[in-house]
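See below for my_file.csv, which holds CSV, C-alpha atoms.
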```csv
chain,number,residue,atom,x,y,z
B,1,MET,CA,-29.4,-0.5,-16.9
B,2,TRP,CA,-25.7,-1.4,-16.5
B,3,PRO,CA,-24.8,-5.0,-16.0
B,4,VAL,CA,-23.9,-6.0,-12.5
B,5,TYR,CA,-20.8,-8.1,-12.4
B,6,PRO,CA,-20.0,-10.2,-9.3
B,7,ARG,CA,-17.2,-8.9,-7.2
B,8,ARG,CA,-14.0,-10.7,-7.9
B,9,ARG,CA,-11.8,-11.8,-5.1
B,10,PRO,CA,-8.2,-10.6,-5.2
B,11,VAL,CA,-5.6,-13.1,-6.4
B,12,VAL,CA,-3.8,-14.9,-3.7
B,13,GLY,CA,-0.4,-13.4,-4.7
B,14,THR,CA,-1.9,-9.9,-4.4
B,15,MET,CA,-3.1,-10.7,-0.9
B,16,ILE,CA,0.3,-12.0,0.1
B,17,VAL,CA,2.0,-8.8,-1.2
B,18,MET,CA,-0.5,-6.6,0.5
B,19,ARG,CA,0.1,-8.4,3.9
B,20,LEU,CA,3.8,-8.0,3.4
B,21,LEU,CA,3.5,-4.3,2.6
B,22,ILE,CA,1.3,-3.8,5.7
B,23,ARG,CA,3.8,-5.7,7.8
B,24,ILE,CA,6.7,-3.6,6.5
B,25,GLY,CA,4.8,-0.4,7.1
B,26,ILE,CA,3.9,-1.4,10.7
B,27,SER,CA,7.5,-2.4,11.3
B,28,LEU,CA,8.8,0.9,10.0
B,29,ALA,CA,6.3,2.9,12.0
B,30,THR,CA,6.9,1.0,15.3
B,31,SER,CA,10.7,1.3,14.8
B,32,ALA,CA,10.3,5.0,14.3
B,33,LEU,CA,8.0,5.3,17.3
B,34,GLY,CA,10.4,3.2,19.4
B,35,LEU,CA,13.4,5.4,18.5
B,36,LEU,CA,11.5,8.6,19.3
B,37,LEU,CA,10.2,7.2,22.6
B,38,ALA,CA,13.7,6.0,23.6
B,39,ALA,CA,15.0,9.5,22.8
B,40,LEU,CA,12.4,11.0,25.0
B,41,LEU,CA,12.5,8.6,27.9
B,42,VAL,CA,16.1,7.4,28.1
B,43,ALA,CA,18.7,9.9,29.3
B,44,GLY,CA,21.8,9.8,27.1
B,45,PHE,CA,20.0,8.3,24.0
B,46,HIS,CA,19.9,10.8,21.1
B,47,VAL,CA,18.3,10.7,17.7
B,48,GLN,CA,19.5,13.2,15.2
B,49,ILE,CA,17.0,14.4,12.6
B,50,GLY,CA,19.4,14.1,9.7
B,51,GLY,CA,19.9,10.4,9.9
B,52,PHE,CA,16.6,9.4,11.5
B,53,LEU,CA,15.0,7.9,8.4
B,54,ALA,CA,18.2,5.9,7.6
B,55,ALA,CA,18.4,4.7,11.2
B,56,VAL,CA,14.7,3.6,11.1
B,57,VAL,CA,15.3,1.6,7.9
B,58,VAL,CA,18.5,0.1,9.2
B,59,LEU,CA,16.9,-0.8,12.5
B,60,THR,CA,13.9,-2.4,10.9
B,61,VAL,CA,16.0,-4.4,8.4
B,62,ALA,CA,18.5,-5.5,11.1
B,63,GLN,CA,15.7,-6.6,13.4
B,64,ALA,CA,14.0,-8.5,10.7
B,65,ALA,CA,17.2,-10.3,9.8
B,66,LEU,CA,18.5,-10.8,13.4
B,67,ALA,CA,15.4,-12.0,15.1
B,68,PRO,CA,15.2,-15.4,13.3
B,69,LEU,CA,18.9,-15.9,13.6
B,70,ALA,CA,19.0,-15.0,17.3
B,71,THR,CA,16.0,-17.4,17.9
B,72,LYS,CA,17.8,-20.3,16.1
B,73,ILE,CA,21.0,-19.7,18.0
B,74,GLY,CA,19.2,-19.3,21.3
B,75,GLN,CA,17.2,-22.5,20.8
B,76,ARG,CA,20.3,-24.4,20.0
B,77,TYR,CA,22.8,-23.1,22.6
B,78,ALA,CA,20.9,-21.2,25.3
B,79,PRO,CA,17.2,-22.3,25.6
B,80,ALA,CA,17.0,-20.5,29.0
B,81,LEU,CA,17.5,-17.2,27.2
B,82,MET,CA,14.6,-17.5,24.7
B,83,GLY,CA,12.5,-14.9,26.6
B,84,GLY,CA,15.2,-12.3,26.1
B,85,ILE,CA,16.0,-13.0,22.4
B,86,GLY,CA,13.8,-10.2,21.2
B,87,ILE,CA,15.5,-7.6,23.4
B,88,ILE,CA,19.0,-9.0,22.5
B,89,SER,CA,18.3,-8.8,18.7
B,90,THR,CA,16.9,-5.3,19.2
B,91,LEU,CA,20.0,-4.2,21.1
B,92,VAL,CA,22.2,-5.6,18.3
B,93,ALA,CA,20.0,-3.9,15.7
B,94,LEU,CA,20.4,-0.6,17.6
B,95,LEU,CA,24.1,-1.0,17.6
B,96,ILE,CA,24.1,-1.6,13.9
B,97,ALA,CA,21.8,1.4,13.3
B,98,SER,CA,24.2,3.6,15.4
B,99,LEU,CA,26.9,3.1,12.7
B,100,ILE,CA,24.9,5.4,10.4
B,101,PRO,CA,26.4,8.8,10.8
B,102,GLY,CA,24.0,11.4,12.1
B,103,GLY,CA,21.4,8.8,13.2
B,104,ILE,CA,21.3,7.6,16.8
B,105,ALA,CA,23.8,7.9,19.6
B,106,ALA,CA,23.9,6.6,23.1
B,107,SER,CA,26.3,6.8,26.0
B,108,GLY,CA,26.8,4.0,28.4
B,109,VAL,CA,25.7,0.4,28.6
B,110,THR,CA,22.7,1.1,30.7
B,111,THR,CA,21.5,3.6,28.1
B,112,TRP,CA,21.8,1.1,25.4
B,113,ILE,CA,19.9,-1.6,27.3
B,114,LEU,CA,17.1,0.8,28.3
B,115,ALA,CA,16.8,2.1,24.7
B,116,ALA,CA,16.7,-1.5,23.5
B,117,VAL,CA,13.9,-2.3,25.9
B,118,VAL,CA,11.8,0.7,24.9
B,119,VAL,CA,12.3,0.0,21.2
B,120,TRP,CA,11.5,-3.7,21.7
B,121,ILE,CA,8.3,-2.9,23.6
B,122,CYS,CA,7.2,-0.6,20.7
B,123,THR,CA,8.0,-3.2,18.0
B,124,ALA,CA,6.4,-6.0,19.9
B,125,ALA,CA,3.3,-4.0,20.5
B,126,GLY,CA,3.3,-3.3,16.7
B,127,GLY,CA,3.5,-7.1,16.1
B,128,TRP,CA,0.5,-7.7,18.4
B,129,ILE,CA,-1.5,-5.0,16.7
B,130,LEU,CA,-0.7,-6.6,13.3
B,131,VAL,CA,-1.9,-10.0,14.4
B,132,ALA,CA,-5.1,-8.5,15.9
B,133,LEU,CA,-5.9,-6.6,12.7
B,134,LEU,CA,-5.3,-9.7,10.5
B,135,LEU,CA,-7.4,-11.9,12.8
B,136,ARG,CA,-10.2,-9.3,12.8
B,137,LYS,CA,-10.2,-9.2,9.0
B,138,ARG,CA,-10.3,-13.0,8.8
B,139,ARG,CA,-13.2,-13.1,11.2
B,140,ALA,CA,-15.1,-10.4,9.2
B,141,ALA,CA,-14.4,-12.2,5.9
B,142,ALA,CA,-15.5,-15.6,7.3
B,143,SER,CA,-18.9,-14.2,8.6
```
Please express the file's structure as structure tokens.
Amino acid sequence: MWPVYPRRRPVVGTMIVMRLLIRIGISLATSALGLLLAALLVAGFHVQIGGFLAAVVVLTVAQAALAPLATKIGQRYAPALMGGIGIISTLVALLIASLIPGGIAASGVTTWILAAVVVWICTAAGGWILVALLLRKRRAAAS
């Protein structure tokens, strides 16, 4: 008979890296979904296949970098706008992603705003899903 060894728990650093990779994957997926939905739902917003992946990566990185900065600036100078900070940072991230040639393009201010709202809803929903999954895993591990 083979010896039975107790199951070892993963090292804390490994768990942190896994959570980070899961969070990055969900962010990339929700950004891609948001761009595709915006292209389908918002007239004048176009996503070209050639630069789609680059636009998704740039959008995700820009959102990750801009959200804390926008929150800090909003708290300091415009606390009344804190509810719209996510949409504002998404709009700026879309503008940055549009600088990639062959990625995304939009015509008109209304198109940009509507596209930002669609992408923001997708990325926010992805964040909520991530929190729900992590809480479910913690509850399962605790019981």
Spatial neighbours of segment 124-132 of chain B, max dist 8 Å, all atoms listed in the file, sep filter under 5 positions, as a count of residues only | 4
Nearest to Leu133 of chain B, chosen from B:Ile22, B:Thr14, B:Val109, B:Gly83, with all atoms listed in the file counted in the distances =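 Once distances to Leu133 of chain B are computed over all atoms listed in the file, the minimum belongs to B:Ile22.
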How many Å separate atom CA of Ala115 of chain B from atom CA of Ala38 of chain B?
-> 5.1 Å
Nearest to Ala32 of chain B: which of B:Thr90, B:Thr60, B:Ser98, B:Gln75 is it, counting only C-alpha atoms?
->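 Ranked by minimum distance to Ala32 of chain B, first place goes to B:Thr60.
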Quick one: distance from atom CA of Thr123 of chain B to atom CA of Ser31 of chain B in Å, one decimal?
->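 For atom CA of Thr123 of chain B relative to atom CA of Ser31 of chain B, the distance reads 6.1 Å.
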Å distance separating atom CA of Leu69 of chain B from atom CA of Gly86 of chain B, one decimal place = 10.8 Å
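If you measure from each of B:Cys122, B:Leu134, B:Ala62, B:Ala97 to Met15 of chain B using all atoms listed in the file, the closest one turns out to be B:Leu134.
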For Ser107 of chain B, list every protein, DNA or RNA residue within 8 Å, evaluated using only C-alpha atoms, and leave out those in the same chain fewer than 4 positions away; present the list as a list of chain:residue names.
->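 That gives B:Gly44, B:Phe45, B:Thr111, B:Trp112.
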Counting all atoms listed in the file, figure out which residue out of B:Ile104, B:Val57, B:Ile88, B:Ala141 gets nearest to Ile73 of chain B.
->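 Closest to Ile73 of chain B of all the choices is B:Ile88.
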Go through B:Pro101, B:Arg138, B:Thr110, B:Ala116 and flag the residue nearest Leu35 of chain B, using all atoms listed in the file for the distances.
->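 Under the stated criterion, the closest residue is B:Ala116.
Among the candidates B:Ala43, B:Ala54, B:Ser89, B:Leu59, the residue lying nearest to Thr71 of chain B is B:Ser89 (atoms considered: all atoms listed in the file).
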Hey, can you pull every residue with an atom no more than 12 Å from (20.7, 14.9, 15.2), using all atoms listed in the file, and send it as a list of chain:residue names?
-> B:Leu36, B:Ala39, B:Phe45, B:His46, B:Val47, B:Gln48, B:Ile49, B:Gly50, B:Gly51, B:Phe52, B:Leu53, B:Ala55, B:Ser98, B:Ile100, B:Pro101, B:Gly102, B:Gly103, B:Ile104, B:Ala105, B:Ala106
Pull C-alpha atoms for segment 6-115 of chain B from the block and write them as a PDB file, in the first residue's frame.
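What follows is the written file part_13.pdb:
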```
ATOM      1  CA  PRO B   6      -1.566  14.908   4.009  1.00  0.00           C
ATOM      2  CA  ARG B   7      -2.577  17.430   1.414  1.00  0.00           C
ATOM      3  CA  ARG B   8      -0.352  20.483   1.644  1.00  0.00           C
ATOM      4  CA  ARG B   9      -1.856  23.919   1.534  1.00  0.00           C
ATOM      5  CA  PRO B  10      -0.476  26.196  -1.153  1.00  0.00           C
ATOM      6  CA  VAL B  11       2.052  28.772  -0.094  1.00  0.00           C
ATOM      7  CA  VAL B  12       0.551  32.202   0.600  1.00  0.00           C
ATOM      8  CA  GLY B  13       2.631  33.812  -2.168  1.00  0.00           C
ATOM      9  CA  THR B  14       1.266  31.295  -4.661  1.00  0.00           C
ATOM     10  CA  MET B  15      -2.294  32.126  -3.640  1.00  0.00           C
ATOM     11  CA  ILE B  16      -1.630  35.841  -4.105  1.00  0.00           C
ATOM     12  CA  VAL B  17      -0.180  35.257  -7.580  1.00  0.00           C
ATOM     13  CA  MET B  18      -3.139  33.054  -8.527  1.00  0.00           C
ATOM     14  CA  ARG B  19      -5.625  35.712  -7.410  1.00  0.00           C
ATOM     15  CA  LEU B  20      -3.721  38.343  -9.346  1.00  0.00           C
ATOM     16  CA  LEU B  21      -3.708  36.203 -12.503  1.00  0.00           C
ATOM     17  CA  ILE B  22      -7.433  35.507 -12.110  1.00  0.00           C
ATOM     18  CA  ARG B  23      -8.113  39.225 -11.636  1.00  0.00           C
ATOM     19  CA  ILE B  24      -6.055  40.104 -14.728  1.00  0.00           C
ATOM     20  CA  GLY B  25      -7.837  37.434 -16.777  1.00  0.00           C
ATOM     21  CA  ILE B  26     -11.255  38.675 -15.716  1.00  0.00           C
ATOM     22  CA  SER B  27     -10.241  42.283 -16.440  1.00  0.00           C
ATOM     23  CA  LEU B  28      -9.022  41.368 -19.924  1.00  0.00           C
ATOM     24  CA  ALA B  29     -12.154  39.324 -20.630  1.00  0.00           C
ATOM     25  CA  THR B  30     -14.533  42.024 -19.405  1.00  0.00           C
ATOM     26  CA  SER B  31     -12.664  44.706 -21.356  1.00  0.00           C
ATOM     27  CA  ALA B  32     -12.898  42.600 -24.518  1.00  0.00           C
ATOM     28  CA  LEU B  33     -16.587  41.936 -23.916  1.00  0.00           C
ATOM     29  CA  GLY B  34     -17.212  45.612 -23.208  1.00  0.00           C
ATOM     30  CA  LEU B  35     -15.515  46.704 -26.430  1.00  0.00           C
ATOM     31  CA  LEU B  36     -17.435  44.145 -28.470  1.00  0.00           C
ATOM     32  CA  LEU B  37     -20.763  45.112 -26.877  1.00  0.00           C
ATOM     33  CA  ALA B  38     -20.028  48.799 -27.406  1.00  0.00           C
ATOM     34  CA  ALA B  39     -19.269  48.079 -31.073  1.00  0.00           C
ATOM     35  CA  LEU B  40     -22.598  46.232 -31.384  1.00  0.00           C
ATOM     36  CA  LEU B  41     -24.777  48.624 -29.378  1.00  0.00           C
ATOM     37  CA  VAL B  42     -23.327  52.097 -29.970  1.00  0.00           C
ATOM     38  CA  ALA B  43     -23.697  53.595 -33.435  1.00  0.00           C
ATOM     39  CA  GLY B  44     -20.446  55.167 -34.595  1.00  0.00           C
ATOM     40  CA  PHE B  45     -18.198  53.063 -32.337  1.00  0.00           C
ATOM     41  CA  HIS B  46     -16.053  50.653 -34.328  1.00  0.00           C
ATOM     42  CA  VAL B  47     -13.583  47.949 -33.342  1.00  0.00           C
ATOM     43  CA  GLN B  48     -11.169  46.754 -36.013  1.00  0.00           C
ATOM     44  CA  ILE B  49     -10.005  43.149 -35.809  1.00  0.00           C
ATOM     45  CA  GLY B  50      -6.349  43.994 -36.457  1.00  0.00           C
ATOM     46  CA  GLY B  51      -5.840  46.083 -33.349  1.00  0.00           C
ATOM     47  CA  PHE B  52      -8.497  44.542 -31.129  1.00  0.00           C
ATOM     48  CA  LEU B  53      -6.125  42.618 -28.844  1.00  0.00           C
ATOM     49  CA  ALA B  54      -3.810  45.591 -28.468  1.00  0.00           C
ATOM     50  CA  ALA B  55      -6.790  47.836 -27.701  1.00  0.00           C
ATOM     51  CA  VAL B  56      -8.027  45.374 -25.054  1.00  0.00           C
ATOM     52  CA  VAL B  57      -4.632  45.254 -23.354  1.00  0.00           C
ATOM     53  CA  VAL B  58      -4.181  49.040 -23.493  1.00  0.00           C
ATOM     54  CA  LEU B  59      -7.731  49.593 -22.215  1.00  0.00           C
ATOM     55  CA  THR B  60      -7.226  47.160 -19.320  1.00  0.00           C
ATOM     56  CA  VAL B  61      -3.854  48.613 -18.299  1.00  0.00           C
ATOM     57  CA  ALA B  62      -5.101  52.193 -18.648  1.00  0.00           C
ATOM     58  CA  GLN B  63      -8.187  51.448 -16.549  1.00  0.00           C
ATOM     59  CA  ALA B  64      -6.098  49.755 -13.876  1.00  0.00           C
ATOM     60  CA  ALA B  65      -3.747  52.740 -13.743  1.00  0.00           C
ATOM     61  CA  LEU B  66      -6.351  55.495 -14.054  1.00  0.00           C
ATOM     62  CA  ALA B  67      -8.999  54.248 -11.606  1.00  0.00           C
ATOM     63  CA  PRO B  68      -6.972  54.809  -8.396  1.00  0.00           C
ATOM     64  CA  LEU B  69      -5.622  58.111  -9.719  1.00  0.00           C
ATOM     65  CA  ALA B  70      -9.071  59.357 -10.686  1.00  0.00           C
ATOM     66  CA  THR B  71     -10.460  58.262  -7.322  1.00  0.00           C
ATOM     67  CA  LYS B  72      -7.746  60.126  -5.427  1.00  0.00           C
ATOM     68  CA  ILE B  73      -8.203  63.280  -7.486  1.00  0.00           C
ATOM     69  CA  GLY B  74     -11.983  63.045  -7.173  1.00  0.00           C
ATOM     70  CA  GLN B  75     -11.848  62.644  -3.397  1.00  0.00           C
ATOM     71  CA  ARG B  76      -9.569  65.622  -3.082  1.00  0.00           C
ATOM     72  CA  TYR B  77     -11.071  68.101  -5.546  1.00  0.00           C
ATOM     73  CA  ALA B  78     -14.573  66.925  -6.468  1.00  0.00           C
ATOM     74  CA  PRO B  79     -16.180  64.609  -3.885  1.00  0.00           C
ATOM     75  CA  ALA B  80     -19.587  65.111  -5.509  1.00  0.00           C
ATOM     76  CA  LEU B  81     -18.329  63.354  -8.664  1.00  0.00           C
ATOM     77  CA  MET B  82     -17.168  60.157  -6.919  1.00  0.00           C
ATOM     78  CA  GLY B  83     -20.075  58.162  -8.369  1.00  0.00           C
ATOM     79  CA  GLY B  84     -18.955  58.902 -11.916  1.00  0.00           C
ATOM     80  CA  ILE B  85     -15.224  58.358 -11.444  1.00  0.00           C
ATOM     81  CA  GLY B  86     -15.387  54.836 -12.911  1.00  0.00           C
ATOM     82  CA  ILE B  87     -17.066  56.071 -16.081  1.00  0.00           C
ATOM     83  CA  ILE B  88     -14.658  58.994 -16.382  1.00  0.00           C
ATOM     84  CA  SER B  89     -11.598  56.746 -16.016  1.00  0.00           C
ATOM     85  CA  THR B  90     -13.121  54.334 -18.549  1.00  0.00           C
ATOM     86  CA  LEU B  91     -13.665  57.204 -20.995  1.00  0.00           C
ATOM     87  CA  VAL B  92     -10.047  58.334 -20.624  1.00  0.00           C
ATOM     88  CA  ALA B  93      -8.868  54.717 -21.004  1.00  0.00           C
ATOM     89  CA  LEU B  94     -10.916  54.399 -24.214  1.00  0.00           C
ATOM     90  CA  LEU B  95      -9.370  57.605 -25.549  1.00  0.00           C
ATOM     91  CA  ILE B  96      -5.891  56.241 -24.794  1.00  0.00           C
ATOM     92  CA  ALA B  97      -6.760  52.886 -26.413  1.00  0.00           C
ATOM     93  CA  SER B  98      -8.007  54.703 -29.513  1.00  0.00           C
ATOM     94  CA  LEU B  99      -4.459  55.934 -30.110  1.00  0.00           C
ATOM     95  CA  ILE B 100      -3.510  52.384 -31.166  1.00  0.00           C
ATOM     96  CA  PRO B 101      -3.757  52.309 -34.965  1.00  0.00           C
ATOM     97  CA  GLY B 102      -6.343  49.841 -36.232  1.00  0.00           C
ATOM     98  CA  GLY B 103      -7.915  49.340 -32.805  1.00  0.00           C
ATOM     99  CA  ILE B 104     -11.012  51.313 -31.899  1.00  0.00           C
ATOM    100  CA  ALA B 105     -12.569  54.405 -33.408  1.00  0.00           C
ATOM    101  CA  ALA B 106     -15.559  56.535 -32.527  1.00  0.00           C
ATOM    102  CA  SER B 107     -17.239  59.582 -33.960  1.00  0.00           C
ATOM    103  CA  GLY B 108     -18.789  62.233 -31.777  1.00  0.00           C
ATOM    104  CA  VAL B 109     -18.864  63.021 -28.079  1.00  0.00           C
ATOM    105  CA  THR B 110     -22.113  61.119 -27.504  1.00  0.00           C
ATOM    106  CA  THR B 111     -20.611  58.001 -29.050  1.00  0.00           C
ATOM    107  CA  TRP B 112     -17.587  58.201 -26.758  1.00  0.00           C
ATOM    108  CA  ILE B 113     -19.756  58.660 -23.676  1.00  0.00           C
ATOM    109  CA  LEU B 114     -22.142  55.831 -24.568  1.00  0.00           C
ATOM    110  CA  ALA B 115     -19.229  53.504 -25.369  1.00  0.00           C
TER     111      ALA B 115
END
```
